[in-house]
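Okay, upload12.cif now, which holds mmCIF, C-alpha atoms:
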```cif
data_input
loop_
_atom_site.group_PDB
_atom_site.id
_atom_site.type_symbol
_atom_site.label_atom_id
_atom_site.label_comp_id
_atom_site.auth_asym_id
_atom_site.auth_seq_id
_atom_site.Cartn_x
_atom_site.Cartn_y
_atom_site.Cartn_z
ATOM 1 C CA VAL A 227 -63.554 -11.036 -8.818
ATOM 2 C CA SER A 228 -63.187 -7.532 -10.241
ATOM 3 C CA SER A 229 -66.168 -6.291 -12.197
ATOM 4 C CA PHE A 230 -63.965 -3.916 -14.186
ATOM 5 C CA ILE A 231 -63.623 -4.425 -17.913
ATOM 6 C CA ASN A 232 -59.983 -4.232 -18.892
ATOM 7 C CA MET A 233 -59.952 -2.055 -21.985
ATOM 8 C CA SER A 234 -56.690 -1.331 -23.761
ATOM 9 C CA LYS A 235 -56.215 1.849 -25.718
ATOM 10 C CA TYR A 236 -53.794 4.656 -26.453
ATOM 11 C CA LEU A 237 -53.568 7.727 -24.242
ATOM 12 C CA VAL A 238 -52.837 10.867 -26.259
ATOM 13 C CA VAL A 239 -51.539 13.722 -24.102
ATOM 14 C CA PHE A 240 -51.481 17.240 -25.535
ATOM 15 C CA ASP A 241 -49.681 20.240 -24.191
ATOM 16 C CA PHE A 242 -51.727 23.374 -24.955
ATOM 17 C CA ASP A 243 -49.741 26.562 -25.587
ATOM 18 C CA LEU A 244 -47.715 26.422 -28.820
ATOM 19 C CA THR A 245 -48.847 22.828 -29.301
ATOM 20 C CA LEU A 246 -52.614 22.650 -29.656
ATOM 21 C CA VAL A 247 -52.921 26.407 -30.166
ATOM 22 C CA ASN A 248 -50.301 28.455 -31.959
ATOM 23 C CA GLU A 249 -49.611 31.055 -29.255
ATOM 24 C CA ASN A 250 -48.604 31.201 -25.620
ATOM 25 C CA THR A 251 -51.919 32.203 -24.038
ATOM 26 C CA ASP A 252 -50.251 33.797 -20.995
ATOM 27 C CA SER A 253 -48.140 36.019 -23.231
ATOM 28 C CA TYR A 254 -50.959 36.780 -25.652
ATOM 29 C CA ILE A 255 -53.353 38.055 -22.981
ATOM 30 C CA ARG A 256 -50.803 40.725 -22.032
ATOM 31 C CA LYS A 257 -51.698 42.656 -25.179
ATOM 32 C CA LEU A 258 -54.753 43.883 -23.254
ATOM 33 C CA CYS A 259 -52.601 46.154 -21.099
ATOM 34 C CA ASP A 260 -49.875 48.607 -22.062
ATOM 35 C CA ASP A 261 -47.928 48.409 -18.812
ATOM 36 C CA CYS A 262 -48.285 44.822 -17.605
ATOM 37 C CA PRO A 263 -45.983 43.795 -14.739
ATOM 38 C CA LYS A 264 -42.619 42.475 -15.895
ATOM 39 C CA TYR A 265 -41.641 38.908 -15.099
ATOM 40 C CA HIS A 266 -38.930 38.294 -12.500
ATOM 41 C CA SER A 267 -37.749 34.691 -12.291
ATOM 42 C CA SER A 268 -37.542 34.850 -8.495
ATOM 43 C CA GLU A 269 -41.318 35.227 -8.147
ATOM 44 C CA GLY A 270 -42.365 32.150 -10.133
ATOM 45 C CA TRP A 271 -44.560 32.155 -13.231
ATOM 46 C CA ASN A 272 -47.905 31.617 -11.485
ATOM 47 C CA SER A 273 -47.280 34.522 -9.110
ATOM 48 C CA HIS A 274 -46.351 36.667 -12.087
ATOM 49 C CA MET A 275 -49.536 35.759 -13.966
ATOM 50 C CA GLN A 276 -51.635 36.479 -10.887
ATOM 51 C CA ALA A 277 -50.064 39.950 -10.843
ATOM 52 C CA VAL A 278 -50.934 40.333 -14.545
ATOM 53 C CA PHE A 279 -54.550 39.320 -13.910
ATOM 54 C CA ARG A 280 -54.736 41.739 -10.979
ATOM 55 C CA HIS A 281 -53.405 44.525 -13.183
ATOM 56 C CA LEU A 282 -55.895 43.699 -15.945
ATOM 57 C CA HIS A 283 -58.734 43.876 -13.437
ATOM 58 C CA GLN A 284 -57.502 47.209 -12.073
ATOM 59 C CA SER A 285 -57.312 48.469 -15.677
ATOM 60 C CA ASN A 286 -61.025 47.649 -16.134
ATOM 61 C CA VAL A 287 -60.383 44.754 -18.494
ATOM 62 C CA GLU A 288 -63.536 42.661 -18.159
ATOM 63 C CA PRO A 289 -63.995 38.902 -18.622
ATOM 64 C CA GLN A 290 -65.572 39.367 -22.060
ATOM 65 C CA HIS A 291 -62.522 41.344 -23.196
ATOM 66 C CA MET A 292 -60.235 38.500 -22.135
ATOM 67 C CA LYS A 293 -62.436 35.949 -23.888
ATOM 68 C CA ALA A 294 -62.431 37.961 -27.117
ATOM 69 C CA CYS A 295 -58.650 38.284 -26.936
ATOM 70 C CA LEU A 296 -58.199 34.534 -26.484
ATOM 71 C CA GLU A 297 -60.500 33.829 -29.431
ATOM 72 C CA GLU A 298 -57.985 35.525 -31.735
ATOM 73 C CA ILE A 299 -55.554 32.664 -31.091
ATOM 74 C CA PRO A 300 -55.571 30.075 -33.891
ATOM 75 C CA LEU A 301 -55.199 26.343 -33.616
ATOM 76 C CA THR A 302 -51.784 25.123 -34.707
ATOM 77 C CA ASP A 303 -51.735 24.002 -38.345
ATOM 78 C CA GLY A 304 -53.008 20.464 -38.785
ATOM 79 C CA MET A 305 -54.370 20.083 -35.254
ATOM 80 C CA ASN A 306 -57.992 20.264 -36.377
ATOM 81 C CA GLU A 307 -57.404 17.392 -38.819
ATOM 82 C CA LEU A 308 -55.589 15.349 -36.156
ATOM 83 C CA LEU A 309 -58.330 15.873 -33.576
ATOM 84 C CA THR A 310 -61.083 15.132 -36.094
ATOM 85 C CA TYR A 311 -59.468 11.773 -36.786
ATOM 86 C CA LEU A 312 -58.893 10.931 -33.127
ATOM 87 C CA LYS A 313 -62.424 11.750 -31.998
ATOM 88 C CA PHE A 314 -63.938 9.154 -34.319
ATOM 89 C CA SER A 315 -61.790 6.307 -33.000
ATOM 90 C CA ASP A 316 -62.496 4.515 -29.720
ATOM 91 C CA LYS A 317 -58.853 3.426 -29.550
ATOM 92 C CA PHE A 318 -57.702 6.810 -28.289
ATOM 93 C CA GLU A 319 -58.310 8.669 -25.047
ATOM 94 C CA LEU A 320 -57.327 12.329 -25.153
ATOM 95 C CA THR A 321 -56.240 14.589 -22.338
ATOM 96 C CA ILE A 322 -54.601 17.999 -22.031
ATOM 97 C CA LEU A 323 -51.694 18.512 -19.630
ATOM 98 C CA SER A 324 -50.716 22.171 -19.480
ATOM 99 C CA ASP A 325 -49.118 24.747 -17.222
ATOM 100 C CA ALA A 326 -51.465 27.438 -18.568
ATOM 101 C CA ASN A 327 -54.780 27.634 -16.699
ATOM 102 C CA MET A 328 -58.207 26.039 -16.813
ATOM 103 C CA PHE A 329 -60.077 29.181 -17.843
ATOM 104 C CA PHE A 330 -57.925 29.876 -20.911
ATOM 105 C CA ILE A 331 -57.954 26.236 -22.015
ATOM 106 C CA GLU A 332 -61.636 25.529 -21.409
ATOM 107 C CA HIS A 333 -62.694 28.738 -23.130
ATOM 108 C CA LEU A 334 -60.647 28.066 -26.255
ATOM 109 C CA LEU A 335 -61.712 24.420 -26.421
ATOM 110 C CA CYS A 336 -65.358 25.485 -26.251
ATOM 111 C CA HIS A 337 -64.740 28.255 -28.798
ATOM 112 C CA TYR A 338 -63.355 25.708 -31.258
ATOM 113 C CA ARG A 339 -65.997 23.111 -30.269
ATOM 114 C CA LEU A 340 -63.331 20.682 -29.113
ATOM 115 C CA ARG A 341 -64.122 20.289 -25.410
ATOM 116 C CA SER A 342 -66.010 17.008 -25.769
ATOM 117 C CA ILE A 343 -63.025 15.357 -27.465
ATOM 118 C CA PHE A 344 -60.906 15.543 -24.307
ATOM 119 C CA ARG A 345 -61.754 13.346 -21.368
ATOM 120 C CA CYS A 346 -59.739 15.485 -18.990
ATOM 121 C CA VAL A 347 -57.948 18.824 -18.771
ATOM 122 C CA ILE A 348 -55.116 18.951 -16.239
ATOM 123 C CA SER A 349 -53.960 22.491 -15.510
ATOM 124 C CA ASN A 350 -53.875 25.248 -12.913
ATOM 125 C CA PRO A 351 -57.385 26.173 -11.692
ATOM 126 C CA ALA A 352 -58.517 29.693 -12.590
ATOM 127 C CA GLU A 353 -61.906 31.354 -12.276
ATOM 128 C CA PHE A 354 -63.380 34.816 -12.008
ATOM 129 C CA ASN A 355 -64.461 36.003 -8.575
ATOM 130 C CA GLU A 356 -67.579 38.111 -8.042
ATOM 131 C CA ASP A 357 -65.609 41.270 -8.862
ATOM 132 C CA GLY A 358 -64.591 39.947 -12.284
ATOM 133 C CA HIS A 359 -60.976 39.347 -11.245
ATOM 134 C CA LEU A 360 -59.416 36.154 -12.630
ATOM 135 C CA VAL A 361 -57.944 34.234 -9.689
ATOM 136 C CA LEU A 362 -55.247 31.668 -10.460
ATOM 137 C CA ARG A 363 -54.410 28.775 -8.140
ATOM 138 C CA PRO A 364 -51.692 26.113 -8.327
ATOM 139 C CA TYR A 365 -52.582 22.657 -9.630
ATOM 140 C CA GLN A 366 -50.525 21.113 -6.822
ATOM 141 C CA GLU A 367 -47.677 21.802 -4.450
ATOM 142 C CA GLN A 368 -44.896 19.340 -5.145
ATOM 143 C CA HIS A 369 -41.344 19.133 -3.842
ATOM 144 C CA SER A 370 -40.226 15.813 -5.334
ATOM 145 C CA CYS A 371 -39.229 17.052 -8.807
ATOM 146 C CA SER A 372 -36.595 19.745 -9.143
ATOM 147 C CA GLN A 373 -37.029 19.949 -12.931
ATOM 148 C CA CYS A 374 -40.606 21.201 -12.672
ATOM 149 C CA PRO A 375 -42.164 24.202 -10.916
ATOM 150 C CA LYS A 376 -43.669 23.569 -7.478
ATOM 151 C CA HIS A 377 -47.184 24.110 -8.773
ATOM 152 C CA LEU A 378 -47.084 21.380 -11.455
ATOM 153 C CA CYS A 379 -44.907 18.377 -12.186
ATOM 154 C CA LYS A 380 -46.260 17.031 -15.451
ATOM 155 C CA SER A 381 -44.769 13.569 -14.831
ATOM 156 C CA GLU A 382 -46.492 13.290 -11.471
ATOM 157 C CA ALA A 383 -49.801 14.567 -12.839
ATOM 158 C CA LEU A 384 -49.649 12.131 -15.757
ATOM 159 C CA LYS A 385 -48.747 9.212 -13.500
ATOM 160 C CA ASP A 386 -51.685 10.044 -11.214
ATOM 161 C CA TYR A 387 -54.042 10.218 -14.182
ATOM 162 C CA ILE A 388 -52.937 6.853 -15.572
ATOM 163 C CA HIS A 389 -53.323 5.330 -12.093
ATOM 164 C CA SER A 390 -56.850 6.731 -11.713
ATOM 165 C CA ARG A 391 -57.853 5.246 -15.072
ATOM 166 C CA ARG A 392 -56.330 1.885 -14.185
ATOM 167 C CA GLU A 393 -58.499 1.817 -11.063
ATOM 168 C CA LYS A 394 -61.493 2.049 -13.395
ATOM 169 C CA GLY A 395 -60.256 -0.888 -15.454
ATOM 170 C CA ILE A 396 -58.761 1.127 -18.294
ATOM 171 C CA SER A 397 -55.123 0.540 -19.166
ATOM 172 C CA PHE A 398 -53.098 2.113 -21.923
ATOM 173 C CA ASP A 399 -50.917 0.145 -24.319
ATOM 174 C CA ARG A 400 -49.029 3.305 -25.166
ATOM 175 C CA VAL A 401 -48.808 6.941 -24.237
ATOM 176 C CA LEU A 402 -48.444 9.446 -27.075
ATOM 177 C CA TYR A 403 -47.101 12.758 -25.754
ATOM 178 C CA ILE A 404 -47.345 15.891 -27.922
ATOM 179 C CA GLY A 405 -45.562 19.010 -26.697
ATOM 180 C CA ASP A 406 -43.159 21.821 -27.400
ATOM 181 C CA GLY A 407 -41.731 23.310 -24.230
ATOM 182 C CA ARG A 408 -39.034 22.839 -21.634
ATOM 183 C CA ASN A 409 -41.619 21.644 -19.101
ATOM 184 C CA ASP A 410 -42.536 18.780 -21.446
ATOM 185 C CA LEU A 411 -39.085 17.219 -20.998
ATOM 186 C CA CYS A 412 -39.823 15.761 -17.552
ATOM 187 C CA PRO A 413 -42.800 13.650 -18.710
ATOM 188 C CA SER A 414 -40.924 12.734 -21.907
ATOM 189 C CA LEU A 415 -38.054 11.329 -19.827
ATOM 190 C CA ASN A 416 -40.470 9.254 -17.766
ATOM 191 C CA LEU A 417 -42.253 7.565 -20.648
ATOM 192 C CA LYS A 418 -41.488 3.904 -21.236
ATOM 193 C CA GLN A 419 -40.228 1.985 -24.240
ATOM 194 C CA GLY A 420 -43.023 1.761 -26.802
ATOM 195 C CA ASP A 421 -44.453 5.147 -25.863
ATOM 196 C CA MET A 422 -44.203 7.940 -28.410
ATOM 197 C CA ILE A 423 -42.991 11.527 -28.038
ATOM 198 C CA PHE A 424 -43.857 14.209 -30.571
ATOM 199 C CA PRO A 425 -41.764 17.352 -29.950
ATOM 200 C CA ARG A 426 -42.566 20.385 -32.097
ATOM 201 C CA ALA A 427 -39.619 20.956 -34.440
ATOM 202 C CA GLY A 428 -37.422 23.912 -33.560
ATOM 203 C CA TYR A 429 -38.926 24.444 -30.096
ATOM 204 C CA SER A 430 -37.388 23.856 -26.666
ATOM 205 C CA LEU A 431 -38.476 20.236 -26.179
ATOM 206 C CA HIS A 432 -37.142 19.229 -29.583
ATOM 207 C CA ASN A 433 -33.794 20.921 -28.925
ATOM 208 C CA LEU A 434 -33.468 19.414 -25.437
ATOM 209 C CA ILE A 435 -34.229 15.895 -26.650
ATOM 210 C CA LYS A 436 -31.770 16.295 -29.526
ATOM 211 C CA SER A 437 -29.063 17.379 -27.054
ATOM 212 C CA LEU A 438 -29.693 14.268 -24.943
ATOM 213 C CA GLN A 439 -29.625 12.003 -27.989
ATOM 214 C CA ASP A 440 -26.393 13.598 -29.233
ATOM 215 C CA ASP A 441 -24.640 13.081 -25.880
ATOM 216 C CA PRO A 442 -24.969 9.465 -24.672
ATOM 217 C CA SER A 443 -22.500 10.202 -21.861
ATOM 218 C CA CYS A 444 -24.998 12.451 -20.058
ATOM 219 C CA GLY A 445 -26.617 9.414 -18.434
ATOM 220 C CA THR A 446 -30.152 10.511 -19.274
ATOM 221 C CA SER A 447 -31.958 8.692 -22.039
ATOM 222 C CA ILE A 448 -35.282 8.906 -23.827
ATOM 223 C CA LYS A 449 -36.953 5.481 -23.899
ATOM 224 C CA GLY A 450 -39.895 6.361 -26.132
ATOM 225 C CA THR A 451 -39.688 6.824 -29.883
ATOM 226 C CA VAL A 452 -39.286 10.453 -30.955
ATOM 227 C CA THR A 453 -40.956 11.990 -34.014
ATOM 228 C CA ASP A 454 -40.693 15.727 -34.489
ATOM 229 C CA TRP A 455 -43.451 17.675 -36.225
ATOM 230 C CA SER A 456 -44.250 21.100 -37.634
ATOM 231 C CA ASN A 457 -47.846 20.394 -38.641
ATOM 232 C CA GLY A 458 -50.434 18.239 -36.872
ATOM 233 C CA LYS A 459 -50.904 16.266 -40.084
ATOM 234 C CA GLU A 460 -47.432 14.791 -39.559
ATOM 235 C CA ILE A 461 -48.620 13.387 -36.216
ATOM 236 C CA LEU A 462 -51.791 12.157 -37.918
ATOM 237 C CA GLU A 463 -49.741 10.133 -40.413
ATOM 238 C CA VAL A 464 -48.100 8.265 -37.528
ATOM 239 C CA VAL A 465 -51.317 7.860 -35.535
ATOM 240 C CA GLN A 466 -53.097 6.331 -38.531
ATOM 241 C CA THR A 467 -50.629 3.446 -38.474
ATOM 242 C CA LEU A 468 -51.666 2.563 -34.902
ATOM 243 C CA SER A 469 -55.431 2.175 -35.183
#
```

Would you mind writing the structure in this file as structure tokens?
Amino acid sequence: VSSFINMSKYLVVFDFDLTLVNENTDSYIRKLCDDCPKYHSSEGWNSHMQAVFRHLHQSNVEPQHMKACLEEIPLTDGMNELLTYLKFSDKFELTILSDANMFFIEHLLCHYRLRSIFRCVISNPAEFNEDGHLVLRPYQEQHSCSQCPKHLCKSEALKDYIHSRREKGISFDRVLYIGDGRNDLCPSLNLKQGDMIFPRAGYSLHNLIKSLQDDPSCGTSIKGTVTDWSNGKEILEVVQTLS
């Protein structure tokens, strides 16, 4: 007989850049150098960012300068209120699923005193070496999903996370997915009926979902309910009806 306690709750998954915080952290950090390397799509985003970090290091930009730069980035409007509500309810488990990097995310979460709210942060590992150079590594190497970059399929990462929690006796009645970008479409498409998707209004995910909904003939459908938002308080209004 299993000794696990089967607890049911809601899993709330947050993207980070332009969702939880109101900037793209990768783009924002580039303000620290005047002549950062330009992005070429053939190289892949992670390779590009590693070149940016290398350039910052060669330009004598130190870790404390990067931290101070990141701390200028504000939370998205209404997110503080949403998170404050969620942290006081045992019905919700919170995780971050982002194609940014662990250093940026962890530092900003600690800066805003939010780290303890999230059970897990899923992102690309990044840490400073002994020379003070930020080294970025891929979260994974996947070849099964052509929609996502090789270093992170958000659907696969989310599926693995849910499986790991189920092994500990924790199942989720619903997944609530909050995002903004093109790379949030893959996990949105793989959510089941009853799950909830919150695309930020006017951003890529919102536009992509709207295109799918407007064209039933495309053969791709969103099973979860979709609620767009411009302020975290709009998500809070929906979440309050669940607990």

List as a PDB file with C-alpha atoms, keeping the file's coordinate frame the protein and nucleic acid residues near stretch 343-352 of chain A, meaning an atom at most 7 Å away when all atoms listed in the file are counted, but skip any in the same chain fewer than 4 places from it.
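What landed in out-v3.pdb:
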```pdb
ATOM      1  CA  LYS A 313     -62.424  11.750 -31.998  1.00  0.00           C
ATOM      2  CA  GLU A 319     -58.310   8.669 -25.047  1.00  0.00           C
ATOM      3  CA  LEU A 320     -57.327  12.329 -25.153  1.00  0.00           C
ATOM      4  CA  THR A 321     -56.240  14.589 -22.338  1.00  0.00           C
ATOM      5  CA  ILE A 322     -54.601  17.999 -22.031  1.00  0.00           C
ATOM      6  CA  LEU A 323     -51.694  18.512 -19.630  1.00  0.00           C
ATOM      7  CA  SER A 324     -50.716  22.171 -19.480  1.00  0.00           C
ATOM      8  CA  ASP A 325     -49.118  24.747 -17.222  1.00  0.00           C
ATOM      9  CA  ALA A 326     -51.465  27.438 -18.568  1.00  0.00           C
ATOM     10  CA  ASN A 327     -54.780  27.634 -16.699  1.00  0.00           C
ATOM     11  CA  MET A 328     -58.207  26.039 -16.813  1.00  0.00           C
ATOM     12  CA  PHE A 329     -60.077  29.181 -17.843  1.00  0.00           C
ATOM     13  CA  LEU A 360     -59.416  36.154 -12.630  1.00  0.00           C
ATOM     14  CA  VAL A 361     -57.944  34.234  -9.689  1.00  0.00           C
ATOM     15  CA  LEU A 362     -55.247  31.668 -10.460  1.00  0.00           C
ATOM     16  CA  ARG A 363     -54.410  28.775  -8.140  1.00  0.00           C
ATOM     17  CA  PRO A 364     -51.692  26.113  -8.327  1.00  0.00           C
ATOM     18  CA  TYR A 365     -52.582  22.657  -9.630  1.00  0.00           C
TER      19      TYR A 365
END
```

Task: Nearest residue to A:Thr451 from the set A:Leu246, A:Val278, A:Ile299, A:Val464 (distances using all atoms listed in the file) - done: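 Smallest distance to A:Thr451 is found for A:Val464.
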
- [ ] Find the residue from A:Leu402, A:Ile331, A:Ile396, A:Ala277 that sits nearest to A:Leu462; use only C-alpha atoms when measuring.
- [x]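 Answer, going by the shortest atom-to-atom distance: A:Leu402.
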
Open item on the list: Nearest residue to A:Asp316 out of A:Glu353, A:Tyr236, A:Lys293, A:Ser285, using all atoms listed in the file?
Closed with: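 With all atoms listed in the file as the atom set, the closest residue is A:Tyr236.
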
TODO: Expand the PyMOL selection byres ((chain A and resi 376) around 10) into the individual residues it matches in the shown file, reporting them as number ranges by chain.
DONE: A: 270, 272, 364-375, 377-379

- [ ] Report the residues retrieved by the PyMOL selection byres ((chain A and resi 409) around 8) from the displayed file, expressed as a list of chain:residue names.
- [x] A:Gln373, A:Cys374, A:Lys380, A:Gly407, A:Arg408, A:Asp410, A:Leu411, A:Cys412, A:Leu431

Go ahead and write the residues just picked, C-alpha atoms, as a PDB file, keeping the file's coordinate frame.
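Result saved to out_3.pdb:
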```
ATOM      1  CA  GLN A 373     -37.029  19.949 -12.931  1.00  0.00           C
ATOM      2  CA  CYS A 374     -40.606  21.201 -12.672  1.00  0.00           C
ATOM      3  CA  LYS A 380     -46.260  17.031 -15.451  1.00  0.00           C
ATOM      4  CA  GLY A 407     -41.731  23.310 -24.230  1.00  0.00           C
ATOM      5  CA  ARG A 408     -39.034  22.839 -21.634  1.00  0.00           C
ATOM      6  CA  ASP A 410     -42.536  18.780 -21.446  1.00  0.00           C
ATOM      7  CA  LEU A 411     -39.085  17.219 -20.998  1.00  0.00           C
ATOM      8  CA  CYS A 412     -39.823  15.761 -17.552  1.00  0.00           C
ATOM      9  CA  LEU A 431     -38.476  20.236 -26.179  1.00  0.00           C
TER      10      LEU A 431
END
```

Task: Counting only C-alpha atoms, the residue of A:Cys262, A:Glu332, A:Tyr254, A:Phe279 that sits nearest A:Leu296 - done: A:Tyr254

Task: Residue with smallest distance to A:Gln276 - pool A:Cys336, A:Phe354, A:Lys257, A:His291, counting only C-alpha atoms - done: A:Phe354

TODO: Could you tell me which residues the PyMOL selection byres ((chain A and resi 398) around 7) grabs in this file, written as a list in words?
DONE: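 This file gives the following for the PyMOL selection byres ((chain A and resi 398) around 7): Ser234, Lys235, Tyr236, Leu237, Ile396, Ser397, Asp399, Arg400 and Val401 of chain A.
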
Task: Coordinates-based distance that separates atom CA of A:Lys436 from atom CA of A:Leu417 (Å, one decimal) - done: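 Separation between atom CA of A:Leu417 and atom CA of A:Lys436: 16.3 Å.
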
- [ ] Could you check how far atom CA of A:Leu244 sits from atom CA of A:Pro425, in Å to one decimal?
- [x] 10.9 Å

TODO: Kindly give the distance, in Å, that separates atom CA of A:Leu301 and atom CA of A:Asn457, rounded to a single decimal.
DONE: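 Computing it gives 10.7 Å between the two atoms.
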
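Closest to A:Val239 among A:Leu384, A:Asn433, A:Lys459, A:Gln419 is A:Leu384, based on all atoms listed in the file.
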
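Excluding A:Cys295 itself and any same-chain residue fewer than 2 positions from it, the protein and nucleic acid residues within 12 Å of it, counting only C-alpha atoms, are Glu249, Thr251, Asp252, Ser253, Tyr254, Ile255, Arg256, Lys257, Leu258, Cys259, Val287, Glu288, Pro289, Gln290, His291, Met292, Lys293, Glu297, Glu298, Ile299, Pro300, Phe330, His333, Leu334 and His337 of chain A.
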
Listed atoms of stretch 421-435 of chain A boxed axis-aligned with 8 Å per side, centre + edges as AutoDock Vina command-line options:
```
--center_x -39.0 --center_y 14.8 --center_z -29.9 --size_x 27.0 --size_y 35.3 --size_z 25.0
```

- [ ] Just the residues within 9 Å of A:Tyr311, please, counting only C-alpha atoms, with nothing from its chain fewer than 4 positions along; format it as JSON, numbers by chain.
- [x] {"A": [306, 307, 315, 462, 466]}

Taking the block just given, write stretch 342-402 of chain A to a file that holds C-alpha atoms, as a PDB file, in the first residue's frame.
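The result, written out as decode-v3.pdb:
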```pdb
ATOM      1  CA  SER A 342       9.927  31.306  -1.099  1.00  0.00           C
ATOM      2  CA  ILE A 343       6.572  31.512  -2.890  1.00  0.00           C
ATOM      3  CA  PHE A 344       7.774  29.320  -5.762  1.00  0.00           C
ATOM      4  CA  ARG A 345       8.390  25.652  -5.170  1.00  0.00           C
ATOM      5  CA  CYS A 346      10.500  25.345  -8.291  1.00  0.00           C
ATOM      6  CA  VAL A 347      12.211  27.441 -10.953  1.00  0.00           C
ATOM      7  CA  ILE A 348      12.707  25.687 -14.288  1.00  0.00           C
ATOM      8  CA  SER A 349      15.119  27.528 -16.567  1.00  0.00           C
ATOM      9  CA  ASN A 350      18.557  27.439 -18.157  1.00  0.00           C
ATOM     10  CA  PRO A 351      21.334  27.093 -15.544  1.00  0.00           C
ATOM     11  CA  ALA A 352      23.656  30.095 -15.267  1.00  0.00           C
ATOM     12  CA  GLU A 353      26.340  30.917 -12.725  1.00  0.00           C
ATOM     13  CA  PHE A 354      29.468  33.007 -12.442  1.00  0.00           C
ATOM     14  CA  ASN A 355      32.801  31.228 -12.745  1.00  0.00           C
ATOM     15  CA  GLU A 356      35.816  32.191 -10.639  1.00  0.00           C
ATOM     16  CA  ASP A 357      36.700  34.943 -13.125  1.00  0.00           C
ATOM     17  CA  GLY A 358      33.305  36.621 -12.729  1.00  0.00           C
ATOM     18  CA  HIS A 359      32.083  35.504 -16.158  1.00  0.00           C
ATOM     19  CA  LEU A 360      28.426  34.427 -16.288  1.00  0.00           C
ATOM     20  CA  VAL A 361      28.309  30.979 -17.902  1.00  0.00           C
ATOM     21  CA  LEU A 362      25.002  29.881 -19.424  1.00  0.00           C
ATOM     22  CA  ARG A 363      24.093  26.236 -20.004  1.00  0.00           C
ATOM     23  CA  PRO A 364      21.067  24.640 -21.680  1.00  0.00           C
ATOM     24  CA  TYR A 365      18.257  23.287 -19.510  1.00  0.00           C
ATOM     25  CA  GLN A 366      18.084  20.199 -21.731  1.00  0.00           C
ATOM     26  CA  GLU A 367      18.863  18.940 -25.198  1.00  0.00           C
ATOM     27  CA  GLN A 368      15.640  17.856 -26.848  1.00  0.00           C
ATOM     28  CA  HIS A 369      14.873  16.805 -30.407  1.00  0.00           C
ATOM     29  CA  SER A 370      11.241  15.715 -30.064  1.00  0.00           C
ATOM     30  CA  CYS A 371       9.582  19.143 -30.370  1.00  0.00           C
ATOM     31  CA  SER A 372      10.175  21.234 -33.466  1.00  0.00           C
ATOM     32  CA  GLN A 373       8.186  24.181 -32.075  1.00  0.00           C
ATOM     33  CA  CYS A 374      10.631  24.767 -29.228  1.00  0.00           C
ATOM     34  CA  PRO A 375      14.380  25.441 -29.148  1.00  0.00           C
ATOM     35  CA  LYS A 376      16.636  22.437 -28.540  1.00  0.00           C
ATOM     36  CA  HIS A 377      17.623  23.706 -25.114  1.00  0.00           C
ATOM     37  CA  LEU A 378      14.078  23.879 -23.677  1.00  0.00           C
ATOM     38  CA  CYS A 379      10.704  22.452 -24.608  1.00  0.00           C
ATOM     39  CA  LYS A 380       8.335  23.960 -22.075  1.00  0.00           C
ATOM     40  CA  SER A 381       5.740  21.210 -22.619  1.00  0.00           C
ATOM     41  CA  GLU A 382       8.278  18.496 -21.893  1.00  0.00           C
ATOM     42  CA  ALA A 383       9.643  20.314 -18.846  1.00  0.00           C
ATOM     43  CA  LEU A 384       6.137  20.859 -17.476  1.00  0.00           C
ATOM     44  CA  LYS A 385       5.145  17.245 -18.091  1.00  0.00           C
ATOM     45  CA  ASP A 386       8.279  16.053 -16.270  1.00  0.00           C
ATOM     46  CA  TYR A 387       7.534  18.340 -13.336  1.00  0.00           C
ATOM     47  CA  ILE A 388       3.938  17.144 -12.997  1.00  0.00           C
ATOM     48  CA  HIS A 389       5.162  13.532 -13.171  1.00  0.00           C
ATOM     49  CA  SER A 390       7.761  14.129 -10.445  1.00  0.00           C
ATOM     50  CA  ARG A 391       5.101  15.620  -8.167  1.00  0.00           C
ATOM     51  CA  ARG A 392       2.724  12.739  -8.844  1.00  0.00           C
ATOM     52  CA  GLU A 393       5.442  10.337  -7.702  1.00  0.00           C
ATOM     53  CA  LYS A 394       5.378  12.179  -4.377  1.00  0.00           C
ATOM     54  CA  GLY A 395       1.616  11.768  -4.097  1.00  0.00           C
ATOM     55  CA  ILE A 396       0.677  15.251  -5.258  1.00  0.00           C
ATOM     56  CA  SER A 397      -1.708  15.565  -8.182  1.00  0.00           C
ATOM     57  CA  PHE A 398      -3.112  18.700  -9.726  1.00  0.00           C
ATOM     58  CA  ASP A 399      -6.790  19.202 -10.495  1.00  0.00           C
ATOM     59  CA  ARG A 400      -5.889  21.973 -12.899  1.00  0.00           C
ATOM     60  CA  VAL A 401      -2.916  23.715 -14.403  1.00  0.00           C
ATOM     61  CA  LEU A 402      -3.067  27.505 -14.669  1.00  0.00           C
TER      62      LEU A 402
END
```
